[in-house]
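Chemist: Got a structure for you, questions after.
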2 protein chains.
Amino acid sequence: MTTAGSESRSAQQEDPCRTREVLDIVGDKWSLLVVRNLSQGPRRFTELKRAIDGISQRMLTVTLRSLERDGILTRTVRNVMPPHVSYELTPMGKTLRQATAPLLEWSTIHLAHIDAARATYDARPDTSPA
Amino acid sequence: MTTAGSESRSAQQEDPCRTREVLDIVGDKWSLLVVRNLSQGPRRFTELKRAIDGISQRMLTVTLRSLERDGILTRTVRNVMPPHVSYELTPMGKTLRQATAPLLEWSTIHLAHIDAARATYDARPDTSPA
DNA sequence: CTGCATCCTCCTCGATACTG
DNA sequence: CAGTATCGAGGAGGATGCAG
């Protein structure tokens with residue numbers, strides 16, 4: 001696009017608010033967990049329900065619908081009794097999974113540090129050294 | 001922990017819910033925008049307020065506090081009149097910025113595709129081919 | 001098994017007004 | 001300039017019951 005960034009000073013500031021868009025897609029409570037659980041191949045509704053601890057049926061349905069709508073995953077219905085529905089990442093979904101990997105890795109590395117920082121912060125009196 | 005994952009099949013599934021932790025830290029509406037705006041160096045409160053379109057004073061304050069608590073950025077007060085406060089990413093904050101880069105890049109590449117996928121999805125009759 | 005509809009609760013966030 | 005306090009609306013998300 002036109003964001004090629006010919007200037008050096010704004011190389012990391014392509015445009016003002018793509019960040020918002022990304023969060024609208026996967027910034028909710030469950031989407032990334034679903035994507036993560038599908039990264040190893042197709043899964044059925046109940047499998048996901050069990051794998052993602054704490055998610056309600058409602059939220060799983062809502063989240064899957066949203067991701068399907070965005071083209072992140074596909075929903076395949078086998079018209080049998082009992083119903084059999086499986087979900088699978090699209091190619092784009094897989095690239096998303098890969099794009100989130102660095103962030104996950106970052107968390108793995110730094111979470112302990114963050115925990116420590118919080119403890120330090122909470123222990124501060126700060127408000128009035130005068 | 002015991003989740004060391006010596007098996008190959010779960011190489012990308014180190015543990016069940018780091019994802020949740022990350023979202024707790026930067027999954028809110030403004031954190032990533034603040035981090036992004038600090039990636040080019042220290043900024044003052046009002047500068048951030050202007051740079052991040054739509055953020056309220058309250059949310060900027062709350063977001064900055066949270067990020068400071070997590071050790072993502074530092075808050076430096078110059079005790080003068082009028083007050084002068086500047087915020088700057090810590091080394092850890094800078095690594096976070098880098099970890100989010102792939103996700104931003106992903107969005108730049110795929111947002112149009114997602115838009116198209118949504119349009120297609122919304123145009124579907126699907127509900128009753130029977 | 002998979003999914004929808006409803007109700008209800010809590011938390012996030014915005015608007016406003018006030019302080020040092 | 002920087003920040004706090006309070007209020008209120010809105011949406012996310014949990015619980016439950018029903019249906020194909």
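Every chain in the structure tokens has a letter given in the order shown (A, B, ...), and although residue numbers restart at 1 in each chain, ligands are simply numbered from 1 in the order shown.
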Write out as a list of chain:residue names every residue belonging to chain C that has an atom at most 10 Å from any atom of chain A, counting only C-alpha atoms (C1' of nucleotides).
Modeler: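 The complete set of qualifying residues is C:DC1, C:DT2, C:DG3, C:DC4.
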Chemist: Kindly provide the residues of chain D that approach chain B to within 9 Å, each paired with its closest atom pair and their distance in Å to one decimal, based on only C-alpha atoms (C1' of nucleotides), listed by chain and increasing number, as a tab-separated table.
Modeler:
```
residue	atom	partner	partner_atom	distance
D:DC1	C1'	B:Pro83	CA	5.4
D:DA2	C1'	B:Pro83	CA	6.5
D:DG3	C1'	B:Thr61	CA	7.5
D:DT4	C1'	B:Arg58	CA	8.8
```
Chemist: Output C-alpha atoms (C1' of nucleotides) for every residue in the selection just made, as a PDB file, in the first residue's frame.
Modeler:
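Below is the file again01.pdb, written as the result:
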```
ATOM      1  C1'  DC D   1      -0.841  20.745  33.039  1.00  0.00           C
ATOM      2  C1'  DA D   2      -1.980  16.519  35.288  1.00  0.00           C
ATOM      3  C1'  DG D   3      -4.955  13.994  37.927  1.00  0.00           C
ATOM      4  C1'  DT D   4      -8.973  12.419  40.942  1.00  0.00           C
TER       5       DT D   4
END
```
Chemist: What does the C-alpha RMSD come to when chain B is least-squares superposed onto chain A, all C-alpha atoms paired in sequence order?
Modeler: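 With chain B fitted onto chain A, the C-alpha RMSD reads 1.0 Å.
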Chemist: Within 6 Å of chain A, which residues of chain B show up? Give each one with its shortest atom-to-atom distance in Å (one decimal) and the two atoms involved, counting only C-alpha atoms, rows by chain then rising residue number, as JSON lines.
Modeler:
```
{"residue": "B:Gly27", "atom": "CA", "partner": "A:Gly27", "partner_atom": "CA", "distance": 5.7}
{"residue": "B:Arg69", "atom": "CA", "partner": "A:Arg118", "partner_atom": "CA", "distance": 5.2}
{"residue": "B:Asp70", "atom": "CA", "partner": "A:Ile114", "partner_atom": "CA", "distance": 5.1}
{"residue": "B:Gly71", "atom": "CA", "partner": "A:Ala117", "partner_atom": "CA", "distance": 5.4}
{"residue": "B:Ala99", "atom": "CA", "partner": "A:Leu103", "partner_atom": "CA", "distance": 4.9}
{"residue": "B:Thr100", "atom": "CA", "partner": "A:Leu103", "partner_atom": "CA", "distance": 6.0}
{"residue": "B:Pro102", "atom": "CA", "partner": "A:Ala99", "partner_atom": "CA", "distance": 5.2}
{"residue": "B:Leu103", "atom": "CA", "partner": "A:Ala99", "partner_atom": "CA", "distance": 4.9}
{"residue": "B:Ile114", "atom": "CA", "partner": "A:Asp70", "partner_atom": "CA", "distance": 5.1}
{"residue": "B:Ala117", "atom": "CA", "partner": "A:Gly71", "partner_atom": "CA", "distance": 5.4}
{"residue": "B:Arg118", "atom": "CA", "partner": "A:Arg69", "partner_atom": "CA", "distance": 5.2}
{"residue": "B:Tyr121", "atom": "CA", "partner": "A:Arg69", "partner_atom": "CA", "distance": 5.6}
```
Chemist: Export N, CA, C and O atoms of the chosen residues as a JSON list (two decimals), in the first residue's frame?
Modeler:
```
[["chain", "number", "residue", "atom", "x", "y", "z"],
["B", 27, "GLY", "N", -5.03, -6.34, 26.55],
["B", 27, "GLY", "CA", -6.20, -6.64, 25.74],
["B", 27, "GLY", "C", -7.30, -5.60, 25.84],
["B", 27, "GLY", "O", -8.34, -5.74, 25.22],
["B", 69, "ARG", "N", 2.12, -0.01, 36.49],
["B", 69, "ARG", "CA", 2.10, -1.07, 37.49],
["B", 69, "ARG", "C", 2.70, -2.35, 36.95],
["B", 69, "ARG", "O", 3.37, -3.10, 37.68],
["B", 70, "ASP", "N", 2.48, -2.61, 35.68],
["B", 70, "ASP", "CA", 2.97, -3.84, 35.08],
["B", 70, "ASP", "C", 4.43, -3.73, 34.63],
["B", 70, "ASP", "O", 4.98, -4.68, 34.08],
["B", 71, "GLY", "N", 5.02, -2.56, 34.84],
["B", 71, "GLY", "CA", 6.42, -2.40, 34.46],
["B", 71, "GLY", "C", 6.62, -2.22, 32.97],
["B", 71, "GLY", "O", 7.72, -2.40, 32.45],
["B", 99, "ALA", "N", 6.90, -7.37, 20.13],
["B", 99, "ALA", "CA", 6.14, -8.61, 20.07],
["B", 99, "ALA", "C", 4.78, -8.40, 19.40],
["B", 99, "ALA", "O", 4.20, -9.32, 18.84],
["B", 100, "THR", "N", 4.28, -7.17, 19.45],
["B", 100, "THR", "CA", 2.99, -6.90, 18.85],
["B", 100, "THR", "C", 3.10, -6.54, 17.37],
["B", 100, "THR", "O", 2.10, -6.55, 16.65],
["B", 102, "PRO", "N", 4.24, -8.13, 14.69],
["B", 102, "PRO", "CA", 3.72, -9.09, 13.71],
["B", 102, "PRO", "C", 2.20, -9.07, 13.62],
["B", 102, "PRO", "O", 1.64, -9.21, 12.53],
["B", 103, "LEU", "N", 1.56, -8.87, 14.74],
["B", 103, "LEU", "CA", 0.10, -8.82, 14.75],
["B", 103, "LEU", "C", -0.40, -7.59, 13.99],
["B", 103, "LEU", "O", -1.37, -7.68, 13.23],
["B", 114, "ILE", "N", -10.63, -9.67, 5.51],
["B", 114, "ILE", "CA", -11.62, -9.88, 6.56],
["B", 114, "ILE", "C", -12.90, -9.14, 6.25],
["B", 114, "ILE", "O", -14.01, -9.66, 6.42],
["B", 117, "ALA", "N", -14.70, -11.09, 3.75],
["B", 117, "ALA", "CA", -15.28, -12.29, 4.34],
["B", 117, "ALA", "C", -16.57, -11.96, 5.10],
["B", 117, "ALA", "O", -17.55, -12.69, 5.02],
["B", 118, "ARG", "N", -16.57, -10.84, 5.77],
["B", 118, "ARG", "CA", -17.77, -10.41, 6.50],
["B", 118, "ARG", "C", -18.92, -10.15, 5.54],
["B", 118, "ARG", "O", -20.06, -10.56, 5.79],
["B", 121, "TYR", "N", -20.25, -13.39, 4.31],
["B", 121, "TYR", "CA", -20.99, -14.06, 5.37],
["B", 121, "TYR", "C", -22.37, -13.43, 5.56],
["B", 121, "TYR", "O", -23.38, -14.13, 5.66]]
```
Chemist: Please extract the residues of region 8-124 of chain B with a backbone DSSP assignment of strand (DSSP E) and present them as a PyMOL selection string.
Modeler: chain B and resi 43-44+73-78+84-89
Chemist: A:Ala123, A:Ala112, A:Gly93, A:Met59: which is nearest DA15 (chain D), counting only C-alpha atoms (C1' of nucleotides)?
Modeler: A:Met59
Chemist: Please run DSSP on the backbone and report, as a PyMOL selection string, all residues within chain B that come out as helix (DSSP H, G or I).
Modeler: chain B and resi 18-26+31-38+45-51+57-69+91-123
Chemist: Could you check how far CA of Tyr87 (chain B) sits from CA of Leu48 (chain B), in Å to one decimal?
Modeler: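 Atom-to-atom, CA of Tyr87 (chain B) and CA of Leu48 (chain B) are spaced 9.2 Å apart.
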Chemist: Quote the spacing between C1' of DC13 (chain C) and C1' of DT16 (chain D) in Å to one decimal place.
Modeler: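 C1' of DT16 (chain D) lies 29.0 Å from C1' of DC13 (chain C).
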Chemist: Skip region 5-7 of chain D itself and residues of its chain fewer than 2 positions away, then list as a list of chain:residue names all residues within 10 Å of it, counting only C-alpha atoms (C1' of nucleotides).
Modeler: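 With the cut-off at 10 Å, the set is C:DA15, C:DT16, C:DA17, C:DC18, D:DA9.
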Chemist: Using only C-alpha atoms (C1' of nucleotides), which protein or nucleic acid residues come within 12 Å of DG10 (chain D)? Drop anything in the same chain fewer than 4 positions from it, and give the result as an MDAnalysis selection string.
Modeler: chainID C and resid 10:14
Chemist: What separation in Å, quoted to one decimal, exists between CA of Glu88 (chain A) and CA of Val35 (chain A)?
Modeler: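 Straight-line distance from CA of Glu88 (chain A) to CA of Val35 (chain A) works out to 9.0 Å.
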Chemist: Measuring atom to atom with only C-alpha atoms, identify which of B:Arg124, B:Gly41, B:Val34, B:Lys49 is nearest to Leu64 (chain B).
Modeler: B:Val34
